[in-house]
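Enquirer: So that we are looking at the same thing, I have put the structure below in structure tokens.
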Amino acid sequence: MEQPEECSRPQVWNEIENLPQLKRSSAALILIAFLLFVGCQSAKEGESSKPSKSEQTKILPSSTGARCEVILVCTEKVWNSRALNPLKNELLRPQPGLPQPEPYFSIMRVDPANFKNVIQRNKAIIVVEESDTARFRWFRNLYAKPQNVALITYTTFQDIYNLTARHRREIFEKFRAQDLKSTRLTLLKSGAKWQDATKNQKLKILMPPGYSRVVHKDNFSMYFAQSAKTHHVIMVHTRPWDPDGELPDEWKIIEIRDSLTILHTQASRPGSYTVVDTTIRPLSRTYNLNGRLTTEMRGLFKSVNDFLGGPFYTLVLFDEDRKLMVFIDAFMQAVGQNKRNMLMEMEVIARSIDLK
């Protein structure tokens, strides 16, 4: 049988065999270490030649866009038709609890030919375009991040009407949740810090720069911020609550709120204070917020013995483990100013309350 041809050994091995035993062992170890080093370097060079995941993934710019702003990409003919009525009625309906009418969202129409460059980086976009199929789809981080893009394709205007009627609430909720999240991130980037909300409970609240704590008691704290044209107040209050009892209704919550503002607030005139304006009934709802039963209320307050007033936003969280009711209230005065975006920021502060 033919023997396999013997491979010639590298000259370096022949030289090692001719060395004395001790020197031979040392030289062999040095050679092995050298070969391992060269092999590792070759492997590293091979790895570096492959594109990394970050290189393979397109790097998206940061999204832009004002709070509560939506870009709607469609032709003028579509915009002026009735096909978009369900969507417009949903996004442009007045936000409750404001002294003057302001819609939940501001819509900016963009012609498809102009939908490019920086406009594509808006965080909330709806694209309505003609196609051979009628369909509704979501795209995440399509042109920038974070970003939500809703694509509506249609063959007839009736398709637009049907799709927007079917998905209008979904669009509203997704864009509003996105605004709340981006507002919180903006507060954190601006230097907002976690603070003890009250003395006797382990409660934390995210407070942005500009707010000063003017009252800090066992079960009550008040924060105040002002500018040349606005005044902002946030109150945190705790009181015992029996989980086996009934939840306080909206009138009981108003009673609690009024008891706090009568004691701790004063308008511009001596002897004045603020209370809920019940001539316009506040809107309230009870739901689950971050795993806790919560009552939310929006309405207007007024000043007794004065003429000032404005919107308020109240959260009441029920902690079954500690048998505690946590009351967070945010209200503001901003004469002659649009208040929607400012109140959303205060809502985000109130929602940041941490009961852990």
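Chain lettering (A, B, ...) mirrors the order of the structure tokens, residue numbering begins at 1 for each chain separately, and ligand numbering begins at 1 in order of display.
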So that I can check the surroundings of Val215 of chain A, please list as a list in words every protein, DNA and RNA residue that reaches within 12 Å of it, counting only C-alpha atoms and ignoring chain neighbours fewer than 6 positions away.

Expert: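 With the cut-off at 12 Å, the set is Ala197, Thr198, Lys199, Ser221, Met222, Tyr223, Phe224, Val233, Ile234, Met235, Val236, His237, Leu260, Leu263, His264 and Thr265 of chain A.
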
Enquirer: Write to file, as a short mmCIF file (atom, residue, chain, number, x, y, z; two decimals), in the first residue's frame, the residues of the selection just made, with all heavy atoms.

Expert:
data_model
loop_
_atom_site.label_atom_id
_atom_site.label_comp_id
_atom_site.auth_asym_id
_atom_site.auth_seq_id
_atom_site.Cartn_x
_atom_site.Cartn_y
_atom_site.Cartn_z
N ALA A 197 -41.67 62.87 47.96
CA ALA A 197 -42.93 63.59 47.80
C ALA A 197 -43.51 64.02 49.15
O ALA A 197 -44.09 65.09 49.27
CB ALA A 197 -43.93 62.74 47.03
N THR A 198 -43.40 63.17 50.16
CA THR A 198 -43.85 63.51 51.51
C THR A 198 -42.84 62.97 52.51
O THR A 198 -41.97 62.17 52.17
CB THR A 198 -45.24 62.90 51.81
OG1 THR A 198 -45.17 61.48 51.65
CG2 THR A 198 -46.31 63.47 50.89
N LYS A 199 -42.97 63.39 53.76
CA LYS A 199 -41.99 62.99 54.77
C LYS A 199 -42.22 61.58 55.29
O LYS A 199 -41.28 60.82 55.50
CB LYS A 199 -42.02 63.98 55.95
CG LYS A 199 -41.29 65.28 55.68
CD LYS A 199 -41.25 66.12 56.95
CE LYS A 199 -40.43 67.40 56.74
NZ LYS A 199 -40.36 68.22 57.98
N SER A 221 -47.05 67.86 50.55
CA SER A 221 -45.99 68.68 49.98
C SER A 221 -46.57 69.54 48.86
O SER A 221 -47.52 69.13 48.18
CB SER A 221 -44.85 67.82 49.42
OG SER A 221 -44.11 67.22 50.46
N MET A 222 -45.98 70.71 48.68
CA MET A 222 -46.41 71.60 47.60
C MET A 222 -45.18 72.13 46.88
O MET A 222 -44.20 72.54 47.51
CB MET A 222 -47.25 72.76 48.13
CG MET A 222 -47.63 73.78 47.06
SD MET A 222 -48.60 75.17 47.71
CE MET A 222 -50.19 74.37 47.87
N TYR A 223 -45.24 72.10 45.55
CA TYR A 223 -44.17 72.59 44.70
C TYR A 223 -44.71 73.75 43.86
O TYR A 223 -45.85 73.72 43.40
CB TYR A 223 -43.65 71.49 43.78
CG TYR A 223 -43.11 70.28 44.52
CD1 TYR A 223 -43.97 69.28 44.97
CD2 TYR A 223 -41.75 70.14 44.77
CE1 TYR A 223 -43.49 68.17 45.64
CE2 TYR A 223 -41.26 69.04 45.45
CZ TYR A 223 -42.13 68.06 45.88
OH TYR A 223 -41.65 66.96 46.55
N PHE A 224 -43.85 74.74 43.64
CA PHE A 224 -44.29 75.95 42.95
C PHE A 224 -43.25 76.38 41.93
O PHE A 224 -42.04 76.33 42.19
CB PHE A 224 -44.51 77.07 43.97
CG PHE A 224 -44.96 78.38 43.37
CD1 PHE A 224 -46.25 78.54 42.90
CD2 PHE A 224 -44.07 79.45 43.28
CE1 PHE A 224 -46.65 79.74 42.34
CE2 PHE A 224 -44.46 80.65 42.72
CZ PHE A 224 -45.76 80.80 42.25
N VAL A 233 -48.46 74.93 40.11
CA VAL A 233 -48.48 74.38 41.46
C VAL A 233 -48.75 72.88 41.38
O VAL A 233 -49.62 72.44 40.62
CB VAL A 233 -49.55 75.05 42.34
CG1 VAL A 233 -49.56 74.43 43.74
CG2 VAL A 233 -49.33 76.55 42.42
N ILE A 234 -47.99 72.11 42.16
CA ILE A 234 -48.21 70.67 42.26
C ILE A 234 -48.31 70.31 43.74
O ILE A 234 -47.44 70.68 44.54
CB ILE A 234 -47.09 69.87 41.59
CG1 ILE A 234 -47.12 70.12 40.08
CG2 ILE A 234 -47.23 68.38 41.88
CD1 ILE A 234 -46.00 69.47 39.32
N MET A 235 -49.37 69.61 44.10
CA MET A 235 -49.59 69.18 45.49
C MET A 235 -49.57 67.66 45.56
O MET A 235 -50.08 66.98 44.67
CB MET A 235 -50.93 69.69 46.01
CG MET A 235 -51.12 71.20 45.98
SD MET A 235 -52.69 71.72 46.77
CE MET A 235 -53.90 70.87 45.75
N VAL A 236 -48.98 67.14 46.64
CA VAL A 236 -48.99 65.70 46.92
C VAL A 236 -49.51 65.52 48.35
O VAL A 236 -49.01 66.15 49.28
CB VAL A 236 -47.59 65.08 46.79
CG1 VAL A 236 -47.66 63.57 47.05
CG2 VAL A 236 -47.00 65.35 45.41
N HIS A 237 -50.51 64.67 48.49
CA HIS A 237 -51.16 64.48 49.79
C HIS A 237 -51.49 63.01 49.97
O HIS A 237 -51.91 62.33 49.03
CB HIS A 237 -52.43 65.33 49.86
CG HIS A 237 -53.30 65.05 51.05
ND1 HIS A 237 -52.88 65.25 52.35
CD2 HIS A 237 -54.57 64.56 51.13
CE1 HIS A 237 -53.85 64.92 53.17
NE2 HIS A 237 -54.88 64.50 52.47
N LEU A 260 -57.49 71.33 50.67
CA LEU A 260 -56.05 71.59 50.57
C LEU A 260 -55.78 72.98 50.00
O LEU A 260 -54.91 73.71 50.49
CB LEU A 260 -55.39 70.52 49.70
CG LEU A 260 -55.44 69.09 50.24
CD1 LEU A 260 -54.91 68.11 49.19
CD2 LEU A 260 -54.63 68.96 51.53
N LEU A 263 -56.50 75.90 52.35
CA LEU A 263 -55.50 76.03 53.41
C LEU A 263 -54.15 76.52 52.88
O LEU A 263 -53.45 77.29 53.55
CB LEU A 263 -55.32 74.68 54.10
CG LEU A 263 -54.37 74.63 55.30
CD1 LEU A 263 -54.86 75.55 56.42
CD2 LEU A 263 -54.22 73.20 55.80
N HIS A 264 -53.78 76.10 51.67
CA HIS A 264 -52.40 76.32 51.22
C HIS A 264 -52.24 77.27 50.04
O HIS A 264 -51.11 77.54 49.62
CB HIS A 264 -51.75 74.98 50.86
CG HIS A 264 -51.59 74.05 52.02
ND1 HIS A 264 -50.62 74.22 52.99
CD2 HIS A 264 -52.29 72.93 52.37
CE1 HIS A 264 -50.72 73.24 53.88
NE2 HIS A 264 -51.72 72.45 53.54
N THR A 265 -53.32 77.74 49.45
CA THR A 265 -53.18 78.65 48.31
C THR A 265 -53.84 79.99 48.61
O THR A 265 -54.81 80.07 49.36
CB THR A 265 -53.81 78.07 47.03
OG1 THR A 265 -55.23 77.98 47.19
CG2 THR A 265 -53.24 76.70 46.72
#

Enquirer: Set the distance at 10 Å and use only C-alpha atoms: which residues neighbour Lys116 of chain A once local chain neighbours fewer than 5 positions away are removed? I'd like the list as a list of chain:residue names.

Expert: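 Residues near the query, excluding close chain neighbours: A:Val110, A:Arg121, A:Tyr143.
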
Enquirer: Would you save the residues from that selection as an mmCIF file, in the first residue's frame, using N, CA and C atoms?

Expert:
data_model
loop_
_atom_site.group_PDB
_atom_site.id
_atom_site.type_symbol
_atom_site.label_atom_id
_atom_site.label_comp_id
_atom_site.auth_asym_id
_atom_site.auth_seq_id
_atom_site.Cartn_x
_atom_site.Cartn_y
_atom_site.Cartn_z
ATOM 1 N N VAL A 110 -49.194 68.093 4.859
ATOM 2 C CA VAL A 110 -48.036 68.194 3.972
ATOM 3 C C VAL A 110 -48.378 67.505 2.661
ATOM 4 N N ARG A 121 -38.786 63.441 9.583
ATOM 5 C CA ARG A 121 -38.263 63.101 10.903
ATOM 6 C C ARG A 121 -39.252 63.388 12.027
ATOM 7 N N TYR A 143 -38.264 56.713 9.488
ATOM 8 C CA TYR A 143 -37.341 57.749 9.014
ATOM 9 C C TYR A 143 -36.472 58.318 10.137
#

Enquirer: Pro94 of chain A: which residues within 7 Å, counting only C-alpha atoms, same-chain residues fewer than 6 positions away excluded, as a ChimeraX atom specification?

Expert: /A:101-104

Enquirer: Give me the residues near segment 286-298 of chain A as an NGL selection string, where near means some atom within 10 Å (using only C-alpha atoms) and where sequence neighbours in that chain fewer than 2 positions away do not count.

Expert: :A and (95-98 or 247-250 or 253-254 or 281-284 or 300-301 or 311-320 or 325-331 or 351 or 354-355)

Enquirer: Can I get the selection written as a compact mmCIF listing (two decimals), in the first residue's frame, with N, CA and C atoms?

Expert:
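Writing done, so here's out08.txt:
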# COMPACT_ATOMS: atom_id res chain seq x y z
N GLN A 95 -59.86 69.40 24.03
CA GLN A 95 -59.43 68.71 25.23
C GLN A 95 -60.20 69.24 26.43
N PRO A 96 -60.81 68.39 27.22
CA PRO A 96 -61.59 68.86 28.37
C PRO A 96 -60.68 69.43 29.45
N GLY A 97 -61.28 70.30 30.27
CA GLY A 97 -60.54 70.84 31.40
C GLY A 97 -59.67 72.03 31.07
N LEU A 98 -59.90 72.66 29.92
CA LEU A 98 -59.16 73.87 29.55
C LEU A 98 -60.13 75.04 29.47
N LEU A 247 -64.80 53.41 47.03
CA LEU A 247 -63.90 54.43 46.49
C LEU A 247 -64.58 55.80 46.61
N PRO A 248 -63.81 56.84 46.88
CA PRO A 248 -64.41 58.17 46.92
C PRO A 248 -64.92 58.58 45.55
N ASP A 249 -66.11 59.15 45.49
CA ASP A 249 -66.64 59.61 44.21
C ASP A 249 -66.03 60.97 43.87
N GLU A 250 -66.42 61.53 42.73
CA GLU A 250 -65.79 62.77 42.27
C GLU A 250 -66.06 63.93 43.22
N ILE A 253 -63.62 63.70 46.05
CA ILE A 253 -62.29 64.13 45.60
C ILE A 253 -62.23 65.66 45.51
N ILE A 254 -63.29 66.27 45.02
CA ILE A 254 -63.35 67.73 44.97
C ILE A 254 -63.28 68.32 46.38
N ARG A 281 -68.87 71.01 35.26
CA ARG A 281 -68.58 69.76 35.98
C ARG A 281 -67.28 69.12 35.50
N PRO A 282 -66.36 68.83 36.42
CA PRO A 282 -65.11 68.17 36.02
C PRO A 282 -65.39 66.77 35.45
N LEU A 283 -64.50 66.34 34.58
CA LEU A 283 -64.59 65.00 34.02
C LEU A 283 -63.67 64.07 34.80
N SER A 284 -64.16 62.88 35.12
CA SER A 284 -63.36 61.93 35.89
C SER A 284 -63.53 60.54 35.32
N LEU A 300 -61.71 72.82 35.94
CA LEU A 300 -61.27 74.20 36.11
C LEU A 300 -61.39 74.60 37.57
N PHE A 301 -60.49 75.46 38.01
CA PHE A 301 -60.60 76.03 39.35
C PHE A 301 -60.84 77.53 39.22
N PRO A 311 -56.87 75.65 34.59
CA PRO A 311 -57.13 74.21 34.56
C PRO A 311 -56.41 73.48 35.69
N PHE A 312 -56.96 72.32 36.07
CA PHE A 312 -56.27 71.45 37.02
C PHE A 312 -56.36 70.00 36.53
N TYR A 313 -55.42 69.21 37.00
CA TYR A 313 -55.37 67.78 36.68
C TYR A 313 -55.08 67.04 37.98
N THR A 314 -55.94 66.08 38.32
CA THR A 314 -55.83 65.37 39.60
C THR A 314 -55.72 63.87 39.37
N LEU A 315 -54.81 63.24 40.09
CA LEU A 315 -54.70 61.78 40.14
C LEU A 315 -54.88 61.34 41.58
N VAL A 316 -55.68 60.31 41.78
CA VAL A 316 -55.82 59.69 43.10
C VAL A 316 -55.50 58.22 42.94
N LEU A 317 -54.39 57.79 43.55
CA LEU A 317 -53.95 56.39 43.47
C LEU A 317 -54.29 55.69 44.78
N PHE A 318 -54.74 54.44 44.67
CA PHE A 318 -55.15 53.67 45.83
C PHE A 318 -54.17 52.52 46.05
N ASP A 319 -53.46 52.58 47.17
CA ASP A 319 -52.44 51.59 47.52
C ASP A 319 -53.05 50.60 48.52
N GLU A 320 -53.41 49.41 48.04
CA GLU A 320 -54.06 48.42 48.90
C GLU A 320 -53.11 47.88 49.96
N MET A 325 -54.34 56.32 50.38
CA MET A 325 -54.82 57.08 49.23
C MET A 325 -53.78 58.17 48.94
N VAL A 326 -53.26 58.18 47.71
CA VAL A 326 -52.25 59.16 47.32
C VAL A 326 -52.88 60.13 46.34
N PHE A 327 -52.89 61.40 46.71
CA PHE A 327 -53.57 62.45 45.96
C PHE A 327 -52.50 63.36 45.34
N ILE A 328 -52.47 63.46 44.01
CA ILE A 328 -51.54 64.36 43.31
C ILE A 328 -52.36 65.32 42.46
N ASP A 329 -52.12 66.60 42.64
CA ASP A 329 -52.90 67.60 41.92
C ASP A 329 -51.96 68.62 41.28
N ALA A 330 -52.22 68.94 40.02
CA ALA A 330 -51.43 69.94 39.30
C ALA A 330 -52.38 70.99 38.74
N PHE A 331 -52.07 72.25 38.98
CA PHE A 331 -52.91 73.31 38.42
C PHE A 331 -52.04 74.51 38.07
N ARG A 351 -48.04 61.90 36.93
CA ARG A 351 -48.02 60.46 36.64
C ARG A 351 -46.70 59.80 37.04
N ASP A 354 -44.07 57.64 42.29
CA ASP A 354 -43.58 56.27 42.48
C ASP A 354 -43.91 55.84 43.90
N LEU A 355 -44.75 54.80 44.02
CA LEU A 355 -45.20 54.33 45.33
C LEU A 355 -44.40 53.14 45.84

Enquirer: Which polymer residues have any atom within 7 Å of an atom of segment 343-349 of chain A, counting only C-alpha atoms, with same-chain residues fewer than 5 positions away left out, as a list in words?

Expert: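 Within the cut-off, the hits are Leu180, Thr183, Arg184, Leu206, Met207, Tyr313 and Ala330 of chain A.
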
Enquirer: Would you put the residues from that selection into a file with N, CA and C atoms, as an mmCIF file, in the first residue's frame?

Expert:
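Contents of again.cif, as written:
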data_model
loop_
_atom_site.group_PDB
_atom_site.id
_atom_site.type_symbol
_atom_site.label_atom_id
_atom_site.label_comp_id
_atom_site.auth_asym_id
_atom_site.auth_seq_id
_atom_site.Cartn_x
_atom_site.Cartn_y
_atom_site.Cartn_z
ATOM 1 N N LEU A 180 -46.760 61.608 25.792
ATOM 2 C CA LEU A 180 -46.501 61.521 27.229
ATOM 3 C C LEU A 180 -45.098 60.972 27.492
ATOM 4 N N THR A 183 -42.439 63.569 26.441
ATOM 5 C CA THR A 183 -42.403 64.672 27.402
ATOM 6 C C THR A 183 -41.618 64.271 28.645
ATOM 7 N N ARG A 184 -41.808 63.044 29.095
ATOM 8 C CA ARG A 184 -41.048 62.558 30.251
ATOM 9 C C ARG A 184 -39.547 62.527 29.942
ATOM 10 N N LEU A 206 -40.952 62.904 40.138
ATOM 11 C CA LEU A 206 -39.962 63.491 39.233
ATOM 12 C C LEU A 206 -40.260 64.979 39.072
ATOM 13 N N MET A 207 -39.344 65.815 39.563
ATOM 14 C CA MET A 207 -39.585 67.253 39.567
ATOM 15 C C MET A 207 -38.547 67.956 38.689
ATOM 16 N N TYR A 313 -55.423 69.209 37.000
ATOM 17 C CA TYR A 313 -55.367 67.779 36.684
ATOM 18 C C TYR A 313 -55.078 67.042 37.982
ATOM 19 N N ALA A 330 -52.217 68.942 40.024
ATOM 20 C CA ALA A 330 -51.428 69.936 39.295
ATOM 21 C C ALA A 330 -52.375 70.987 38.737
#

Enquirer: Report as a ChimeraX atom specification: the residues of segment 99-196 of chain A with a DSSP assignment of helix (DSSP H, G or I), based on the backbone of this structure.

Expert: /A:112-114,117-121,157-189

Enquirer: Among the residues of segment 254-311 of chain A, find those DSSP assigns to strand (DSSP E) from the backbone and print them as a ChimeraX atom specification.

Expert: /A:273-276,283-289,292-304,309-311

Enquirer: How many Å separate atom CA of Leu163 of chain A from atom CA of Arg82 of chain A?

Expert: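 Interatomic distance here is 12.9 Å.
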
Enquirer: Choose the residue, out of A:Ser212, A:Leu308, A:Thr133, A:Ala334, that has the smallest atom-to-atom separation from Ser227 of chain A; count only C-alpha atoms.

Expert: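 Ranking A:Ser212, A:Leu308, A:Thr133, A:Ala334 by distance to Ser227 of chain A, first place goes to A:Ala334.
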
Enquirer: With only C-alpha atoms as the counted atoms, please give the residues lying no more than 7 Å from segment 321-323 of chain A, apart from itself and same-chain residues fewer than 6 positions off, as an MDAnalysis selection string.

Expert: chainID A and resid 240:243

Enquirer: Could you please determine the separation between atom CA of Ile152 of chain A and atom CA of Thr75 of chain A in Å, to one decimal place?

Expert: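 Computed distance, atom CA of Ile152 of chain A to atom CA of Thr75 of chain A, equals 12.9 Å.
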
Enquirer: Using only C-alpha atoms, which of A:Phe157, A:Phe136, A:Phe105, A:Trp194 sits nearest Phe175 of chain A?

Expert: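 The shortest atom-to-atom distance to Phe175 of chain A comes from A:Phe105.
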